[in-house]
Amino acid sequence: MATPEELAYDKFLERVRRTVYIDELTPLATTPVIESAFNQFGTVKKVSFIPNFLGPKELPMSVLVEMETEDMAQAVISTVSQLPFMVAGMPRPVRASAAEPNMFVDRPKKPGRTIRFRWIEPNDPDFDKARRMKRLARKHTAENSFMLKKQLEEAEKLSKQQSETAVTHHKKFEMMDKLLYDGVAQKLADRYSMKCFPYR
């Protein structure tokens, strides 16, 4: 018979299978925006933002979106992997993947798992390995900072391009609306013997 600890962990794993991990999300995204974007795939049960402790606030965010069923979560992953994801009317190059247990802050302890640690003294044989790991962590931090800087530049470039495209399209629609309203489109249609729908 399963212990209460094992039952709780099984229930947690079921929740993990229903959850989608979304990366590269705009920092302007809020819970209502995420819910409305994902409700088209099914019912969103919970949205959990993963805080970024390693960089500035302008960095793209990550979020865990818990759907009602596992099939809904798979539909999200499949669709977002193939088509651009729209947030507030703008396409975002987000990445979607299945969530993993270590992404959850409130995950229960895995049954049978124990964590052991010890301090390493300078005369310990493993002390040199620990120092190498420390240097490697510093190197990774520097590489991460460089990549984050490039990522922010790319995101800013994309945002500027999307903004310019939206303004251009808006101007085109305004010009077309004015041509229809002034009757110029109808006159041109009459001149070239074409059909023109009346302006409403």
# chains A, B, ... in the order shown; residues from 1 in each chain; ligands from 1

$ residues_around --residues "Val44 (chain A)" --least-positions-apart "5" --cutoff "8 Å" --atoms "only C-alpha atoms" --output "PyMOL selection string"
chain A and resi 35+38-39+65-68

$ residues_around --residues "Leu179 (chain A)" --least-positions-apart "6" --cutoff "12 Å" --atoms "only C-alpha atoms" --output "ChimeraX atom specification"
/A:172-173,185-189,196,198-199

$ write_last_selection --atoms "N, CA, C and O atoms" --output "PDB file, in the first residue's frame"
ATOM      1  N   LYS A 172      -1.741  52.375 -43.640  1.00  0.00           N
ATOM      2  CA  LYS A 172      -2.343  51.844 -44.873  1.00  0.00           C
ATOM      3  C   LYS A 172      -3.856  51.720 -44.727  1.00  0.00           C
ATOM      4  O   LYS A 172      -4.613  52.099 -45.629  1.00  0.00           O
ATOM      5  N   PHE A 173      -4.302  51.183 -43.597  1.00  0.00           N
ATOM      6  CA  PHE A 173      -5.742  51.039 -43.383  1.00  0.00           C
ATOM      7  C   PHE A 173      -6.446  52.394 -43.311  1.00  0.00           C
ATOM      8  O   PHE A 173      -7.556  52.561 -43.812  1.00  0.00           O
ATOM      9  N   ALA A 185     -12.320  55.733 -54.426  1.00  0.00           N
ATOM     10  CA  ALA A 185     -12.276  54.327 -54.839  1.00  0.00           C
ATOM     11  C   ALA A 185     -13.408  54.016 -55.809  1.00  0.00           C
ATOM     12  O   ALA A 185     -13.230  53.292 -56.797  1.00  0.00           O
ATOM     13  N   GLN A 186     -14.590  54.596 -55.544  1.00  0.00           N
ATOM     14  CA  GLN A 186     -15.744  54.358 -56.413  1.00  0.00           C
ATOM     15  C   GLN A 186     -15.507  54.973 -57.806  1.00  0.00           C
ATOM     16  O   GLN A 186     -15.824  54.359 -58.827  1.00  0.00           O
ATOM     17  N   LYS A 187     -14.920  56.174 -57.839  1.00  0.00           N
ATOM     18  CA  LYS A 187     -14.632  56.832 -59.117  1.00  0.00           C
ATOM     19  C   LYS A 187     -13.624  56.033 -59.937  1.00  0.00           C
ATOM     20  O   LYS A 187     -13.776  55.876 -61.153  1.00  0.00           O
ATOM     21  N   LEU A 188     -12.592  55.522 -59.271  1.00  0.00           N
ATOM     22  CA  LEU A 188     -11.596  54.697 -59.960  1.00  0.00           C
ATOM     23  C   LEU A 188     -12.221  53.411 -60.478  1.00  0.00           C
ATOM     24  O   LEU A 188     -11.922  52.960 -61.592  1.00  0.00           O
ATOM     25  N   ALA A 189     -13.114  52.816 -59.676  1.00  0.00           N
ATOM     26  CA  ALA A 189     -13.786  51.580 -60.092  1.00  0.00           C
ATOM     27  C   ALA A 189     -14.658  51.840 -61.313  1.00  0.00           C
ATOM     28  O   ALA A 189     -14.685  51.032 -62.258  1.00  0.00           O
ATOM     29  N   CYS A 196     -16.999  48.021 -57.025  1.00  0.00           N
ATOM     30  CA  CYS A 196     -16.506  48.613 -55.771  1.00  0.00           C
ATOM     31  C   CYS A 196     -17.644  48.575 -54.776  1.00  0.00           C
ATOM     32  O   CYS A 196     -18.751  49.036 -55.055  1.00  0.00           O
ATOM     33  N   PRO A 198     -19.845  49.766 -51.737  1.00  0.00           N
ATOM     34  CA  PRO A 198     -20.074  51.104 -51.164  1.00  0.00           C
ATOM     35  C   PRO A 198     -19.542  51.197 -49.732  1.00  0.00           C
ATOM     36  O   PRO A 198     -19.542  50.218 -49.011  1.00  0.00           O
ATOM     37  N   TYR A 199     -19.122  52.402 -49.373  1.00  0.00           N
ATOM     38  CA  TYR A 199     -18.602  52.645 -48.011  1.00  0.00           C
ATOM     39  C   TYR A 199     -19.782  52.692 -47.046  1.00  0.00           C
ATOM     40  O   TYR A 199     -20.788  53.318 -47.310  1.00  0.00           O
TER      41      TYR A 199
END

$ select_by_dssp --residues "region 66-132 of chain A" --states "strand (DSSP E or B)" --output "JSON, numbers by chain"
{"A": [66, 67, 85, 86, 87, 90, 91, 92, 95, 96, 97, 98]}

$ write_last_selection --atoms "C-alpha atoms" --output "mmCIF file, in the first residue's frame"
data_model
loop_
_atom_site.group_PDB
_atom_site.id
_atom_site.type_symbol
_atom_site.label_atom_id
_atom_site.label_comp_id
_atom_site.auth_asym_id
_atom_site.auth_seq_id
_atom_site.Cartn_x
_atom_site.Cartn_y
_atom_site.Cartn_z
ATOM 1 C CA GLU A 66 -1.197 24.373 -15.694
ATOM 2 C CA MET A 67 -3.963 23.141 -17.991
ATOM 3 C CA PHE A 85 2.520 32.865 -30.338
ATOM 4 C CA MET A 86 0.515 36.107 -30.031
ATOM 5 C CA VAL A 87 0.710 38.237 -26.874
ATOM 6 C CA MET A 90 2.152 40.917 -31.300
ATOM 7 C CA PRO A 91 3.823 37.609 -32.254
ATOM 8 C CA ARG A 92 6.456 36.429 -29.768
ATOM 9 C CA ARG A 95 9.403 28.246 -26.658
ATOM 10 C CA ALA A 96 7.000 25.704 -25.178
ATOM 11 C CA SER A 97 7.959 22.391 -23.636
ATOM 12 C CA ALA A 98 6.669 19.905 -21.105
#

$ residues_around --residues "Ser62 (chain A)" --least-positions-apart "3" --cutoff "10 Å" --atoms "only C-alpha atoms" --output "compact mmCIF listing (two decimals) with N, CA, C and O atoms, in the first residue's frame"
# COMPACT_ATOMS: atom_id res chain seq x y z
N TYR A 21 5.75 24.51 -19.84
CA TYR A 21 6.77 25.50 -19.52
C TYR A 21 6.95 26.41 -20.73
O TYR A 21 7.24 25.95 -21.83
N ILE A 22 6.74 27.71 -20.53
CA ILE A 22 6.87 28.71 -21.61
C ILE A 22 8.07 29.60 -21.29
O ILE A 22 8.16 30.18 -20.21
N ASP A 23 8.99 29.68 -22.25
CA ASP A 23 10.20 30.47 -22.08
C ASP A 23 10.21 31.62 -23.10
O ASP A 23 9.49 31.58 -24.09
N GLU A 24 11.05 32.61 -22.86
CA GLU A 24 11.20 33.76 -23.76
C GLU A 24 9.94 34.63 -23.82
O GLU A 24 9.63 35.22 -24.85
N LEU A 25 9.21 34.71 -22.74
CA LEU A 25 7.97 35.48 -22.72
C LEU A 25 8.28 36.94 -22.40
O LEU A 25 9.18 37.23 -21.61
N THR A 26 7.56 37.86 -23.01
CA THR A 26 7.78 39.27 -22.78
C THR A 26 7.61 39.64 -21.31
O THR A 26 6.70 39.12 -20.64
N PRO A 27 8.44 40.53 -20.76
CA PRO A 27 8.30 40.94 -19.35
C PRO A 27 7.00 41.67 -19.07
O PRO A 27 6.60 41.82 -17.92
N SER A 48 1.89 30.28 -13.09
CA SER A 48 2.95 30.57 -12.11
C SER A 48 4.17 31.13 -12.82
O SER A 48 4.79 30.44 -13.63
N PHE A 49 4.49 32.38 -12.54
CA PHE A 49 5.67 33.00 -13.12
C PHE A 49 6.91 32.51 -12.37
O PHE A 49 6.90 32.41 -11.15
N ILE A 50 7.97 32.22 -13.13
CA ILE A 50 9.24 31.79 -12.51
C ILE A 50 10.11 33.03 -12.41
O ILE A 50 10.50 33.61 -13.42
N PRO A 51 10.40 33.49 -11.18
CA PRO A 51 11.19 34.72 -11.04
C PRO A 51 12.60 34.55 -11.56
O PRO A 51 13.20 33.47 -11.47
N ASN A 52 13.13 35.63 -12.12
CA ASN A 52 14.50 35.64 -12.64
C ASN A 52 15.37 36.40 -11.65
O ASN A 52 15.27 37.61 -11.53
N LEU A 59 14.51 41.27 -18.84
CA LEU A 59 14.74 39.96 -19.45
C LEU A 59 13.43 39.24 -19.72
O LEU A 59 12.47 39.39 -18.97
N VAL A 65 2.29 27.07 -17.03
CA VAL A 65 0.85 27.16 -17.26
C VAL A 65 0.24 25.78 -17.05
O VAL A 65 0.51 24.86 -17.82
N VAL A 94 8.28 32.58 -28.61
CA VAL A 94 8.39 31.84 -27.35
C VAL A 94 8.67 30.37 -27.62
O VAL A 94 8.44 29.87 -28.71
N ARG A 95 9.17 29.68 -26.59
CA ARG A 95 9.40 28.25 -26.66
C ARG A 95 8.49 27.56 -25.65
O ARG A 95 8.37 28.03 -24.51
N ALA A 96 7.87 26.47 -26.07
CA ALA A 96 7.00 25.70 -25.18
C ALA A 96 7.52 24.29 -25.07
O ALA A 96 7.91 23.69 -26.07

$ residues_around --residues "Ala130 (chain A)" --least-positions-apart "6" --cutoff "12 Å" --atoms "only C-alpha atoms" --output "ChimeraX atom specification"
/A:118-122,124,136-137

$ atom_distance --atom1 "CA of Glu174 (chain A)" --atom2 "CA of Ser193 (chain A)"
24.8 Å

$ closest_residue --among "A:Met61, A:Glu6, A:Asp190, A:Lys11" --to "Gly112 (chain A)" --atoms "only C-alpha atoms"
A:Glu6

$ atom_distance --atom1 "CA of Val63 (chain A)" --atom2 "CA of Pro4 (chain A)"
29.1 Å

$ closest_residue --among "A:Thr19, A:Met103, A:Glu70, A:Lys109" --to "Leu7 (chain A)" --atoms "only C-alpha atoms"
A:Lys109

$ residues_around --residues "Met72 (chain A)" --least-positions-apart "2" --cutoff "9 Å" --atoms "only C-alpha atoms" --output "list in words"
Arg18, Phe41, Gly42, Thr43, Met67, Glu68, Thr69, Glu70, Gln74, Ala75, Val76 and Ile77 of chain A
